[in-house]
>>> print(open('protein-v3.cif').read())   # mmCIF, C-alpha atoms and all ligand atoms
data_model
loop_
_atom_site.label_atom_id
_atom_site.label_comp_id
_atom_site.auth_asym_id
_atom_site.auth_seq_id
_atom_site.Cartn_x
_atom_site.Cartn_y
_atom_site.Cartn_z
CA MET E 1 40.66 -154.89 -65.66
CA LYS E 2 40.37 -158.19 -67.46
CA PRO E 3 40.18 -159.02 -71.19
CA PHE E 4 36.61 -158.90 -72.47
CA ALA E 5 36.78 -162.48 -73.77
CA SER E 6 37.21 -163.82 -70.22
CA HIS E 7 33.95 -162.13 -69.27
CA ALA E 8 31.91 -162.98 -72.38
CA LYS E 9 30.01 -165.67 -70.49
CA GLU E 10 28.48 -162.93 -68.31
CA VAL E 11 26.57 -161.50 -71.28
CA ALA E 12 23.71 -163.96 -70.82
CA ASN E 13 23.53 -163.18 -67.09
CA TRP E 14 23.43 -159.46 -67.87
CA GLU E 15 20.64 -159.94 -70.43
CA TYR E 16 18.65 -161.93 -67.86
CA ALA E 17 19.21 -159.32 -65.14
CA MET E 18 18.07 -156.58 -67.50
CA SER E 19 14.85 -158.48 -68.25
CA LEU E 20 13.77 -158.27 -64.58
CA THR E 21 11.43 -155.52 -63.49
CA ILE E 22 12.13 -153.05 -60.68
CA LYS E 23 10.21 -153.88 -57.51
CA ASP E 24 10.36 -150.63 -55.61
CA ASP E 25 6.80 -150.57 -54.30
CA LYS E 26 7.13 -153.28 -51.65
CA MET E 27 8.23 -151.03 -48.79
CA PRO E 28 8.92 -147.32 -48.26
CA LYS E 29 11.95 -146.07 -50.16
CA THR E 30 12.92 -144.04 -47.13
CA THR E 31 14.02 -147.20 -45.29
CA VAL E 32 17.46 -148.74 -45.86
CA LYS E 33 15.91 -151.91 -47.28
CA GLY E 34 13.30 -150.10 -49.35
CA SER E 35 15.86 -147.72 -50.81
CA GLN E 36 17.88 -150.65 -52.12
CA PHE E 37 14.93 -152.13 -54.02
CA ALA E 38 14.63 -148.85 -55.91
CA GLN E 39 16.43 -148.41 -59.22
CA PRO E 40 19.68 -146.44 -58.97
CA LEU E 41 19.68 -143.73 -61.61
CA PHE E 42 23.44 -143.54 -61.22
CA GLU E 43 25.60 -146.38 -62.50
CA PHE E 44 29.03 -147.20 -63.95
CA SER E 45 30.81 -144.08 -62.76
CA GLY E 46 34.43 -143.30 -63.54
CA ALA E 47 35.44 -142.97 -59.87
CA CYS E 48 38.33 -144.87 -58.27
CA ALA E 49 37.25 -148.32 -57.07
CA GLY E 50 35.89 -147.98 -53.54
CA CYS E 51 35.43 -144.20 -53.74
CA GLY E 52 33.52 -142.98 -50.69
CA GLU E 53 31.65 -140.29 -52.63
CA THR E 54 29.75 -142.30 -55.24
CA ALA E 55 27.89 -144.60 -52.84
CA TYR E 56 26.09 -141.58 -51.39
CA MET E 57 25.06 -140.28 -54.80
CA LYS E 58 23.76 -143.68 -55.90
CA ALA E 59 21.48 -143.76 -52.84
CA VAL E 60 20.19 -140.22 -53.44
CA THR E 61 19.17 -141.17 -56.99
CA GLN E 62 17.38 -144.27 -55.68
CA LEU E 63 15.13 -142.03 -53.61
CA TYR E 64 14.75 -138.92 -55.77
CA GLY E 65 16.48 -139.55 -59.12
CA ASP E 66 13.38 -139.44 -61.30
CA ARG E 67 12.72 -135.80 -60.36
CA MET E 68 16.19 -134.58 -59.43
CA ILE E 69 18.04 -131.55 -60.72
CA ILE E 70 21.74 -131.52 -59.83
CA ALA E 71 24.15 -128.58 -59.78
CA ASN E 72 27.61 -130.11 -59.48
CA ALA E 73 30.68 -128.21 -58.31
CA THR E 74 33.88 -128.97 -60.16
CA GLY E 75 35.79 -131.72 -58.38
CA CYS E 76 35.82 -135.49 -58.38
CA SER E 77 32.02 -135.58 -58.37
CA SER E 78 31.90 -133.59 -61.62
CA ILE E 79 34.43 -135.99 -63.14
CA TRP E 80 32.93 -139.29 -62.06
CA GLY E 81 29.53 -137.63 -62.61
CA GLY E 82 30.17 -136.35 -66.11
CA SER E 83 33.18 -137.88 -67.80
CA ALA E 84 32.20 -136.92 -71.33
CA PRO E 85 31.04 -138.43 -73.62
CA ALA E 86 29.47 -140.79 -71.08
CA THR E 87 27.47 -140.03 -67.95
CA PRO E 88 26.68 -142.40 -65.08
CA TYR E 89 23.30 -140.73 -64.60
CA THR E 90 20.56 -142.66 -66.32
CA THR E 91 16.78 -142.85 -66.70
CA ASN E 92 14.08 -145.24 -65.57
CA SER E 93 11.66 -147.08 -67.86
CA LYS E 94 9.58 -143.89 -68.18
CA GLY E 95 12.59 -141.95 -69.37
CA HIS E 96 12.86 -139.97 -66.13
CA GLY E 97 16.22 -139.37 -64.48
CA PRO E 98 18.40 -136.69 -62.93
CA ALA E 99 19.05 -133.51 -64.91
CA TRP E 100 22.71 -132.71 -64.29
CA ALA E 101 24.94 -129.73 -64.97
CA ASN E 102 28.30 -128.40 -63.87
CA SER E 103 29.24 -124.75 -63.96
CA LEU E 104 32.30 -123.59 -62.06
CA PHE E 105 34.06 -124.59 -58.86
CA GLU E 106 33.45 -121.21 -57.28
CA ASP E 107 29.80 -120.57 -58.16
CA ASN E 108 28.07 -123.90 -57.75
CA ALA E 109 25.79 -123.04 -54.86
CA GLU E 110 24.57 -119.94 -56.69
CA TYR E 111 24.19 -122.01 -59.87
CA GLY E 112 21.89 -124.49 -58.12
CA TYR E 113 20.06 -121.65 -56.37
CA GLY E 114 19.28 -120.16 -59.77
CA MET E 115 17.94 -123.52 -60.92
CA ALA E 116 15.70 -123.72 -57.85
CA LEU E 117 14.39 -120.18 -58.39
CA GLY E 118 13.84 -120.88 -62.09
CA VAL E 119 11.82 -124.03 -61.39
CA LYS E 120 9.83 -122.22 -58.71
CA THR E 121 8.99 -119.37 -61.11
CA VAL E 122 7.82 -121.65 -63.93
CA ARG E 123 5.70 -123.69 -61.50
CA LYS E 124 4.12 -120.50 -60.17
CA GLN E 125 3.23 -119.53 -63.73
CA ILE E 126 1.72 -122.99 -64.30
CA ALA E 127 -0.27 -122.61 -61.08
CA ALA E 128 -1.68 -119.27 -62.30
CA GLN E 129 -2.79 -120.95 -65.55
CA ALA E 130 -4.20 -123.94 -63.65
CA GLU E 131 -6.34 -121.54 -61.65
CA VAL E 132 -7.73 -120.06 -64.89
CA ILE E 133 -8.65 -123.57 -66.01
CA VAL E 134 -10.29 -124.46 -62.69
CA ALA E 135 -12.23 -121.17 -62.66
CA SER E 136 -13.69 -122.05 -66.09
CA GLY E 137 -15.66 -124.88 -64.44
CA ASP E 138 -14.98 -127.23 -67.38
CA ASP E 139 -15.93 -130.66 -65.94
CA LYS E 140 -13.40 -132.50 -68.08
CA LEU E 141 -10.48 -130.36 -66.92
CA VAL E 142 -11.27 -129.26 -63.37
CA PRO E 143 -10.54 -132.53 -61.45
CA ALA E 144 -7.01 -132.89 -62.90
CA PHE E 145 -6.00 -129.28 -62.36
CA THR E 146 -7.58 -129.09 -58.89
CA ALA E 147 -5.66 -132.22 -57.87
CA TRP E 148 -2.44 -130.70 -59.20
CA LEU E 149 -2.94 -127.39 -57.39
CA GLU E 150 -3.67 -129.23 -54.13
CA GLY E 151 -0.60 -131.47 -54.45
CA ILE E 152 1.76 -128.98 -56.08
CA ASN E 153 4.43 -129.35 -53.39
CA ASP E 154 3.96 -133.05 -52.72
CA ALA E 155 6.07 -135.35 -54.90
CA ASP E 156 3.64 -138.30 -55.07
CA ALA E 157 0.52 -136.16 -55.36
CA SER E 158 2.05 -134.00 -58.09
CA LYS E 159 3.16 -137.13 -59.97
CA ALA E 160 -0.39 -138.58 -59.86
CA ALA E 161 -1.96 -135.25 -60.84
CA THR E 162 0.55 -134.86 -63.69
CA GLU E 163 -0.73 -138.12 -65.21
CA LEU E 164 -4.29 -136.79 -64.93
CA ILE E 165 -3.29 -133.52 -66.61
CA ARG E 166 -1.51 -135.34 -69.42
CA SER E 167 -4.68 -137.29 -70.13
CA VAL E 168 -6.74 -134.10 -70.66
CA VAL E 169 -4.27 -131.40 -71.68
CA ASP E 170 -4.94 -131.93 -75.42
CA THR E 171 -8.63 -131.10 -74.95
CA LYS E 172 -9.68 -128.25 -77.23
CA SER E 173 -11.50 -125.41 -75.49
CA ASN E 174 -13.77 -122.74 -76.98
CA ASN E 175 -12.68 -120.41 -74.19
CA ALA E 176 -9.58 -118.56 -75.49
CA ASP E 177 -8.12 -118.03 -72.00
CA VAL E 178 -8.50 -121.71 -71.15
CA GLN E 179 -6.94 -122.74 -74.46
CA LYS E 180 -4.02 -120.40 -73.81
CA ALA E 181 -3.63 -121.87 -70.34
CA LEU E 182 -3.69 -125.45 -71.68
CA ASP E 183 -1.07 -124.55 -74.27
CA PHE E 184 1.15 -123.05 -71.56
CA VAL E 185 0.80 -126.12 -69.34
CA LYS E 186 1.61 -128.43 -72.25
CA ALA E 187 4.69 -126.41 -73.19
CA ASN E 188 5.94 -126.59 -69.59
CA ASP E 189 4.86 -130.17 -68.94
CA GLU E 190 8.29 -131.19 -67.53
CA TYR E 191 7.79 -128.88 -64.54
CA LEU E 192 4.50 -130.39 -63.39
CA VAL E 193 6.12 -132.94 -61.06
CA LYS E 194 7.66 -131.40 -57.94
CA LYS E 195 11.42 -131.16 -58.43
CA SER E 196 14.16 -132.04 -55.99
CA VAL E 197 17.12 -129.66 -56.40
CA TRP E 198 20.51 -130.90 -55.20
CA ILE E 199 23.68 -128.83 -55.05
CA VAL E 200 26.68 -131.14 -54.67
CA GLY E 201 30.45 -130.91 -54.42
CA GLY E 202 33.51 -131.63 -52.33
CA ASP E 203 34.95 -130.03 -49.23
CA GLY E 204 37.34 -127.83 -51.23
CA TRP E 205 34.24 -126.30 -52.81
CA ALA E 206 32.01 -126.17 -49.74
CA TYR E 207 34.46 -125.32 -46.95
CA ASP E 208 36.78 -123.06 -48.98
CA ILE E 209 36.38 -121.73 -52.48
CA GLY E 210 32.58 -121.92 -52.80
CA TYR E 211 31.88 -121.19 -49.14
CA GLY E 212 30.71 -117.58 -49.62
CA GLY E 213 28.14 -118.71 -52.16
CA LEU E 214 27.12 -121.73 -50.13
CA ASP E 215 26.55 -119.54 -47.09
CA HIS E 216 24.50 -117.10 -49.18
CA VAL E 217 22.31 -119.87 -50.56
CA LEU E 218 21.78 -121.55 -47.16
CA ALA E 219 20.85 -118.15 -45.71
CA SER E 220 18.27 -117.59 -48.47
CA GLY E 221 15.72 -119.93 -46.89
CA GLU E 222 14.97 -121.44 -50.33
CA ASN E 223 14.01 -125.09 -50.63
CA ILE E 224 17.33 -126.55 -51.82
CA ASN E 225 19.40 -129.55 -50.76
CA VAL E 226 23.17 -129.49 -50.49
CA ILE E 227 25.45 -132.53 -50.28
CA VAL E 228 29.10 -132.18 -49.40
CA PHE E 229 31.34 -135.16 -50.12
CA ASP E 230 33.91 -134.62 -47.39
CA THR E 231 37.20 -136.28 -48.36
CA GLU E 232 39.06 -133.78 -46.16
CA VAL E 233 41.21 -132.72 -49.15
CA TYR E 234 40.87 -131.37 -52.67
CA SER E 235 40.85 -134.88 -54.12
CA ASN E 236 40.53 -134.22 -57.81
CA THR E 237 43.62 -132.06 -58.05
CA GLY E 238 45.80 -134.46 -56.09
CA GLY E 239 45.04 -133.91 -52.41
CA GLN E 240 45.60 -130.31 -51.37
CA ALA E 241 44.66 -129.30 -47.82
CA SER E 242 41.26 -127.65 -47.36
CA LYS E 243 39.69 -126.16 -44.24
CA SER E 244 38.19 -129.59 -43.74
CA THR E 245 41.61 -131.25 -43.38
CA PRO E 246 41.97 -132.32 -39.73
CA THR E 247 44.91 -131.61 -37.44
CA ALA E 248 47.98 -133.78 -38.16
CA ALA E 249 46.82 -134.98 -41.59
CA VAL E 250 49.49 -134.57 -44.27
CA ALA E 251 48.28 -133.06 -47.52
CA LYS E 252 49.71 -130.83 -50.24
CA PHE E 253 50.32 -127.39 -48.69
CA ALA E 254 50.42 -129.15 -45.30
CA ALA E 255 53.50 -131.35 -45.84
CA SER E 256 54.41 -131.35 -42.15
CA GLY E 257 50.85 -132.02 -41.04
CA MET E 258 47.85 -129.71 -40.71
CA LYS E 259 48.46 -127.50 -37.70
CA VAL E 260 44.94 -126.27 -37.04
CA LYS E 261 41.57 -127.79 -36.29
CA LYS E 262 39.09 -128.87 -38.97
CA LYS E 263 36.38 -126.30 -39.66
CA ASP E 264 32.93 -127.33 -38.41
CA LEU E 265 30.85 -126.42 -41.45
CA GLY E 266 27.75 -128.15 -40.13
CA MET E 267 27.76 -126.32 -36.83
CA ILE E 268 28.21 -122.98 -38.61
CA ALA E 269 25.12 -123.74 -40.70
CA THR E 270 23.05 -124.59 -37.61
CA THR E 271 23.48 -121.04 -36.33
CA TYR E 272 20.87 -119.86 -38.84
CA GLY E 273 18.33 -121.94 -36.99
CA TYR E 274 16.28 -122.55 -40.15
CA VAL E 275 18.77 -124.71 -42.08
CA TYR E 276 18.42 -128.51 -41.83
CA VAL E 277 21.90 -129.94 -41.24
CA ALA E 278 23.17 -133.50 -40.93
CA GLN E 279 26.56 -135.08 -40.66
CA VAL E 280 26.45 -138.66 -41.91
CA GLY E 281 28.66 -141.68 -42.49
CA MET E 282 27.01 -144.35 -44.60
CA GLY E 283 29.24 -147.23 -43.51
CA ALA E 284 28.72 -146.38 -39.83
CA ASN E 285 24.95 -146.04 -39.81
CA GLN E 286 23.00 -146.54 -43.03
CA GLY E 287 19.70 -145.88 -41.25
CA GLN E 288 20.88 -142.47 -40.02
CA PHE E 289 22.01 -141.56 -43.55
CA ILE E 290 18.70 -142.51 -45.17
CA LYS E 291 16.80 -140.73 -42.39
CA ALA E 292 18.88 -137.59 -42.97
CA LEU E 293 18.20 -137.77 -46.72
CA ALA E 294 14.46 -138.06 -46.21
CA GLU E 295 14.40 -135.31 -43.58
CA ALA E 296 16.51 -132.97 -45.73
CA GLU E 297 14.45 -133.54 -48.86
CA SER E 298 11.13 -133.12 -47.08
CA TYR E 299 12.23 -129.94 -45.29
CA ASP E 300 10.73 -126.87 -46.99
CA GLY E 301 13.91 -124.83 -46.70
CA PRO E 302 17.67 -125.19 -47.13
CA SER E 303 19.31 -128.49 -46.17
CA LEU E 304 22.96 -129.43 -45.85
CA ILE E 305 24.24 -133.01 -45.57
CA ILE E 306 27.95 -133.55 -44.95
CA CYS E 307 29.08 -137.05 -45.93
CA TYR E 308 32.34 -138.60 -44.70
CA SER E 309 33.97 -139.99 -47.84
CA PRO E 310 37.12 -142.14 -47.77
CA CYS E 311 39.37 -141.43 -50.75
CA ILE E 312 42.55 -142.81 -52.31
CA ALA E 313 44.24 -139.67 -50.96
CA HIS E 314 43.82 -141.08 -47.42
CA GLY E 315 46.16 -143.99 -48.07
CA LEU E 316 43.98 -146.59 -46.34
CA LYS E 317 46.25 -149.37 -45.13
CA ALA E 318 43.35 -151.81 -45.43
CA GLY E 319 42.82 -150.72 -49.06
CA MET E 320 39.91 -148.96 -50.70
CA SER E 321 37.74 -152.09 -50.51
CA SER E 322 37.52 -151.28 -46.79
CA ALA E 323 36.15 -147.75 -47.39
CA GLN E 324 32.70 -148.34 -45.91
CA TYR E 325 34.21 -150.20 -42.97
CA ARG E 326 36.62 -147.30 -42.40
CA ILE E 327 33.64 -144.95 -42.02
CA LYS E 328 32.35 -147.24 -39.27
CA GLU E 329 35.74 -147.22 -37.58
CA ALA E 330 35.96 -143.41 -37.89
CA VAL E 331 32.73 -143.06 -35.93
CA ALA E 332 33.67 -145.70 -33.35
CA ALA E 333 36.98 -143.90 -32.73
CA GLY E 334 35.34 -140.48 -32.33
CA TYR E 335 37.08 -139.26 -35.49
CA TRP E 336 33.78 -138.52 -37.30
CA HIS E 337 30.47 -137.77 -35.63
CA LEU E 338 26.92 -138.40 -36.73
CA TRP E 339 24.25 -135.85 -35.94
CA ARG E 340 21.18 -134.11 -37.30
CA PHE E 341 19.73 -130.64 -36.76
CA ASP E 342 16.06 -130.42 -37.77
CA PRO E 343 14.53 -126.94 -37.37
CA ARG E 344 11.02 -128.49 -37.41
CA LEU E 345 11.65 -129.98 -33.97
CA LYS E 346 11.87 -126.48 -32.46
CA ASN E 347 8.24 -125.86 -33.43
CA GLN E 348 7.33 -128.93 -31.40
CA GLY E 349 9.19 -127.51 -28.39
CA LYS E 350 12.01 -130.01 -28.85
CA ASN E 351 15.77 -129.63 -29.15
CA PRO E 352 16.46 -129.56 -32.93
CA PHE E 353 19.92 -131.12 -32.44
CA ILE E 354 20.12 -134.91 -32.30
CA LEU E 355 23.46 -136.56 -31.63
CA ASP E 356 23.38 -139.95 -33.34
CA SER E 357 26.97 -140.92 -32.44
CA LYS E 358 27.64 -142.71 -29.19
CA PRO E 359 30.75 -141.84 -27.14
CA PRO E 360 33.84 -143.35 -28.81
CA THR E 361 34.44 -147.02 -28.12
CA ALA E 362 37.67 -147.45 -30.10
CA SER E 363 41.12 -145.86 -30.07
CA TYR E 364 41.53 -142.59 -31.97
CA GLN E 365 45.25 -143.22 -32.37
CA ASP E 366 44.68 -146.72 -33.78
CA PHE E 367 42.28 -145.22 -36.28
CA ILE E 368 44.61 -142.56 -37.63
CA ASN E 369 47.46 -145.05 -37.72
CA GLY E 370 45.42 -146.93 -40.32
CA GLU E 371 45.98 -144.18 -42.92
CA SER E 372 49.24 -143.10 -44.54
CA ARG E 373 48.14 -139.43 -44.61
CA TYR E 374 48.79 -139.59 -40.85
CA THR E 375 51.56 -142.17 -40.48
CA VAL E 376 53.78 -140.38 -43.00
CA LEU E 377 53.95 -137.47 -40.56
CA MET E 378 55.23 -139.73 -37.78
CA SER E 379 57.88 -141.25 -40.04
CA GLN E 380 59.09 -137.94 -41.52
CA PHE E 381 58.66 -135.54 -38.59
CA PRO E 382 58.40 -137.73 -35.46
CA ASP E 383 58.52 -134.87 -32.93
CA GLU E 384 55.87 -132.87 -34.74
CA GLY E 385 53.95 -136.08 -35.25
CA GLU E 386 53.91 -136.82 -31.49
CA ARG E 387 52.59 -133.33 -30.79
CA LEU E 388 50.02 -133.16 -33.58
CA PHE E 389 48.65 -136.68 -33.01
CA VAL E 390 47.82 -135.66 -29.43
CA LYS E 391 46.32 -132.37 -30.62
CA ALA E 392 44.27 -134.15 -33.30
CA GLU E 393 42.65 -136.37 -30.69
CA GLU E 394 42.00 -133.40 -28.40
CA ASP E 395 40.44 -131.45 -31.27
CA ALA E 396 38.14 -134.35 -32.15
CA LYS E 397 37.13 -134.73 -28.49
CA GLU E 398 36.46 -131.01 -28.19
CA ARG E 399 34.24 -131.28 -31.23
CA TYR E 400 32.32 -134.24 -29.80
CA ASP E 401 31.91 -132.43 -26.47
CA SER E 402 30.42 -129.44 -28.28
CA TYR E 403 27.84 -131.80 -29.82
CA VAL E 404 27.03 -133.30 -26.43
CA ARG E 405 26.40 -129.80 -25.08
CA MET E 406 24.14 -129.02 -28.05
CA ALA E 407 22.19 -132.25 -27.53
CA GLU E 408 21.68 -131.46 -23.84
CA MET E 409 20.30 -127.97 -24.39
CA LYS E 410 16.86 -127.26 -23.00
CA TYR E 411 14.16 -125.90 -25.32
C1 LIG E 501 38.41 -121.29 -59.06
C2 LIG E 501 39.04 -122.61 -59.30
N1 LIG E 501 40.14 -122.95 -58.61
C3 LIG E 501 40.71 -124.16 -58.77
C4 LIG E 501 40.18 -125.04 -59.67
C5 LIG E 501 40.84 -126.38 -59.89
N2 LIG E 501 40.09 -127.43 -59.26
C6 LIG E 501 39.23 -128.20 -59.93
S1 LIG E 501 38.59 -129.44 -59.03
C7 LIG E 501 39.48 -128.96 -57.69
C8 LIG E 501 39.43 -129.76 -56.41
C9 LIG E 501 38.08 -129.98 -55.87
O1 LIG E 501 38.18 -130.44 -54.57
P1 LIG E 501 36.89 -130.71 -53.70
O2 LIG E 501 35.93 -129.59 -53.81
O3 LIG E 501 37.33 -131.07 -52.32
O4 LIG E 501 36.21 -131.95 -54.41
P2 LIG E 501 36.77 -133.45 -54.54
O5 LIG E 501 37.62 -133.46 -55.76
O6 LIG E 501 37.53 -133.74 -53.28
O7 LIG E 501 35.55 -134.28 -54.66
C10 LIG E 501 40.26 -127.83 -57.97
C11 LIG E 501 41.17 -127.16 -57.04
C12 LIG E 501 39.03 -124.66 -60.40
N3 LIG E 501 38.44 -125.48 -61.26
N4 LIG E 501 38.50 -123.43 -60.20
S1 LIG E 502 40.29 -139.36 -55.91
FE1 LIG E 502 39.06 -139.88 -54.08
S2 LIG E 502 37.12 -138.77 -54.25
FE2 LIG E 502 38.14 -138.77 -56.27
S3 LIG E 502 37.23 -140.54 -57.35
FE3 LIG E 502 39.13 -141.23 -56.39
S4 LIG E 502 38.50 -142.04 -54.36
FE4 LIG E 502 36.81 -140.79 -55.15
#
>>> encode(input="protein-v3.cif", output="structure tokens")
Amino acid sequence: MKPFASHAKEVANWEYAMSLTIKDDKMPKTTVKGSQFAQPLFEFSGACAGCGETAYMKAVTQLYGDRMIIANATGCSSIWGGSAPATPYTTNSKGHGPAWANSLFEDNAEYGYGMALGVKTVRKQIAAQAEVIVASGDDKLVPAFTAWLEGINDADASKAATELIRSVVDTKSNNADVQKALDFVKANDEYLVKKSVWIVGGDGWAYDIGYGGLDHVLASGENINVIVFDTEVYSNTGGQASKSTPTAAVAKFAASGMKVKKKDLGMIATTYGYVYVAQVGMGANQGQFIKALAEAESYDGPSLIICYSPCIAHGLKAGMSSAQYRIKEAVAAGYWHLWRFDPRLKNQGKNPFILDSKPPTASYQDFINGESRYTVLMSQFPDEGERLFVKAEEDAKERYDSYVRMAEMKY
């Protein structure tokens, strides 16, 4: 933090920057480069500097923010995402931006599921009214409503058709049923564009306390997207161990190091066969992350993306400014693995599991020695540290080997 006066000269630069227009139509947003020309509808969050969680959310809003609905589990993401009276979520020049809400820690998946079902129900009702309008044969109305019905589940097509509908929806009709239908469409205008529902939260929510609900919602087959910011601890309440905390890491309730292996939430979700799952690490492979986002969002079913998120609770020796670089090192050391499971590939006779991580090229032990959540164990309980550091590496290798086996399966 610096006194405002020392930054006053930046006001003119800010004003100039704000006068520039967004140029997001030069290349597809689903590429790394294209995504970064799009306007983030998430800015100025209250997270710790370098927080691994927020960078993911910023990118999601660049791709889908103008039609996003977010159900946020309690945790850091509900604090940096909604530190009243301000919110980092914002709108574009058309006034469109994410709709955001936070219910409880324990019911967030169900909360987002309800939102998805609610949106689906209203859109079905609009579709029924649109059919009445099309059946009337009214030349002025039919093209717009036909276009909307045809593109109802396509984001770009529904956006274009929504503009057409808005240009004719105030037409007065002598047909009472058509007039009633037009009134209904106008009253529910905000649901015309296809929505993108995102259920987000931390590992304490997803792996532990909200897991029953998350499992229920993934099993439902509904078209929802889930993002888990995996900091491997309950960050917001000061770093308690969750089922995501890896062997040997020291956390509250695991003061002499976590004794058991990290839960593989992603692999559990793949057992349904119809859930899209990805494990990503932005700093290790931005392309893989953006690809996973686009695949998850376009999948007409449940999707789960687990994002490795460095946190102040990790005690990075290189400091939080190295957070993205640490993700890269985590993947190189075989500490974190990148993969995707796309059920659509099965229909093409292909293996749905794609291992994006290469075999480790760096030392696992060097990696964990870069974080005080591990080194504190060695200094306080050296014997236990020796044992658990070896086990931690074995556990990570066992996990990677299970992915290799999945990737080699014949379909
Ligand atoms: C049922 C319930 N238990 C505990 C809490 C307290 N609580 C609020 S946020 C939080 C930690 C969240 O951790 P995580 O889901 O990992 O998210 P992070 O903060 O790491 O992003 C806890 C324990 C709560 N709000 N509700
Ligand atoms: S405690 Fe961790 S997850 Fe929470 S805002 Fe800070 S860096 Fe991010």
>>> residues_around(input="protein-v3.cif", residues="region 285-301 of chain E", least_positions_apart="5", cutoff="10 Å", atoms="all atoms listed in the file", output="compact mmCIF listing (two decimals) with C-alpha atoms, in the frame of the given file")
# COMPACT_ATOMS: atom_id res chain seq x y z
CA LYS E 29 11.95 -146.07 -50.16
CA THR E 30 12.92 -144.04 -47.13
CA THR E 31 14.02 -147.20 -45.29
CA VAL E 32 17.46 -148.74 -45.86
CA LYS E 33 15.91 -151.91 -47.28
CA SER E 35 15.86 -147.72 -50.81
CA TYR E 56 26.09 -141.58 -51.39
CA ALA E 59 21.48 -143.76 -52.84
CA VAL E 60 20.19 -140.22 -53.44
CA LEU E 63 15.13 -142.03 -53.61
CA TYR E 64 14.75 -138.92 -55.77
CA ASN E 153 4.43 -129.35 -53.39
CA ASP E 154 3.96 -133.05 -52.72
CA ALA E 155 6.07 -135.35 -54.90
CA SER E 196 14.16 -132.04 -55.99
CA VAL E 197 17.12 -129.66 -56.40
CA TRP E 198 20.51 -130.90 -55.20
CA LEU E 218 21.78 -121.55 -47.16
CA ALA E 219 20.85 -118.15 -45.71
CA SER E 220 18.27 -117.59 -48.47
CA GLY E 221 15.72 -119.93 -46.89
CA GLU E 222 14.97 -121.44 -50.33
CA ASN E 223 14.01 -125.09 -50.63
CA ILE E 224 17.33 -126.55 -51.82
CA ASN E 225 19.40 -129.55 -50.76
CA VAL E 226 23.17 -129.49 -50.49
CA ILE E 227 25.45 -132.53 -50.28
CA TYR E 274 16.28 -122.55 -40.15
CA VAL E 275 18.77 -124.71 -42.08
CA TYR E 276 18.42 -128.51 -41.83
CA VAL E 277 21.90 -129.94 -41.24
CA ALA E 278 23.17 -133.50 -40.93
CA GLN E 279 26.56 -135.08 -40.66
CA VAL E 280 26.45 -138.66 -41.91
CA CYS E 307 29.08 -137.05 -45.93
CA ILE E 327 33.64 -144.95 -42.02
CA LYS E 328 32.35 -147.24 -39.27
CA VAL E 331 32.73 -143.06 -35.93
CA LEU E 338 26.92 -138.40 -36.73
CA TRP E 339 24.25 -135.85 -35.94
CA ARG E 340 21.18 -134.11 -37.30
CA PHE E 341 19.73 -130.64 -36.76
CA ASP E 342 16.06 -130.42 -37.77
CA PRO E 343 14.53 -126.94 -37.37
CA ARG E 344 11.02 -128.49 -37.41
CA ASP E 356 23.38 -139.95 -33.34
CA SER E 357 26.97 -140.92 -32.44
>>> residues_near_point(input="protein-v3.cif", point="(45.4, -132.7, -49.7)", cutoff="9 Å", atoms="all atoms listed in the file", output="list in words")
Glu232, Val233, Tyr234, Ser235, Thr237, Gly238, Gly239, Gln240, Ala241, Ser242, Thr245, Ala249, Val250, Ala251, Lys252, Phe253, Ala254, Ala313, His314 and Arg373 of chain E
>>> write_last_selection(input="protein-v3.cif", atoms="C-alpha atoms", output="CSV table (one decimal), in the coordinates of the input")
chain,number,residue,atom,x,y,z
E,232,GLU,CA,39.1,-133.8,-46.2
E,233,VAL,CA,41.2,-132.7,-49.2
E,234,TYR,CA,40.9,-131.4,-52.7
E,235,SER,CA,40.8,-134.9,-54.1
E,237,THR,CA,43.6,-132.1,-58.0
E,238,GLY,CA,45.8,-134.5,-56.1
E,239,GLY,CA,45.0,-133.9,-52.4
E,240,GLN,CA,45.6,-130.3,-51.4
E,241,ALA,CA,44.7,-129.3,-47.8
E,242,SER,CA,41.3,-127.6,-47.4
E,245,THR,CA,41.6,-131.2,-43.4
E,249,ALA,CA,46.8,-135.0,-41.6
E,250,VAL,CA,49.5,-134.6,-44.3
E,251,ALA,CA,48.3,-133.1,-47.5
E,252,LYS,CA,49.7,-130.8,-50.2
E,253,PHE,CA,50.3,-127.4,-48.7
E,254,ALA,CA,50.4,-129.2,-45.3
E,313,ALA,CA,44.2,-139.7,-51.0
E,314,HIS,CA,43.8,-141.1,-47.4
E,373,ARG,CA,48.1,-139.4,-44.6
>>> atom_distance(input="protein-v3.cif", atom1="CA of Cys48 (chain E)", atom2="CA of Met1 (chain E)")
12.7 Å
>>> residues_near_ligand(input="protein-v3.cif", ligand="ligand LIG 502 (chain E)", cutoff="6 Å", atoms="only C-alpha atoms and all ligand atoms", output="list in words")
Ala47, Cys48, Cys51, Gly52, Glu53, Cys76, Ser235, Asn236, Cys311 and Ile312 of chain E
>>> residues_around(input="protein-v3.cif", residues="Ser402 (chain E)", least_positions_apart="3", cutoff="12 Å", atoms="all atoms listed in the file", output="JSON, numbers by chain")
{"E": [264, 267, 337, 339, 353, 355, 395, 396, 397, 398, 399, 405, 406, 407, 408, 409]}
>>> closest_residue(input="protein-v3.cif", among="E:Ser77, E:Gly281, E:Gln348, E:Ala144", to="ligand LIG 501 (chain E)", atoms="all atoms listed in the file")
E:Ser77
>>> closest_residue(input="protein-v3.cif", among="E:Tyr325, E:Trp80, E:Trp100, E:Tyr89", to="ligand LIG 501 (chain E)", atoms="all atoms listed in the file")
E:Trp80
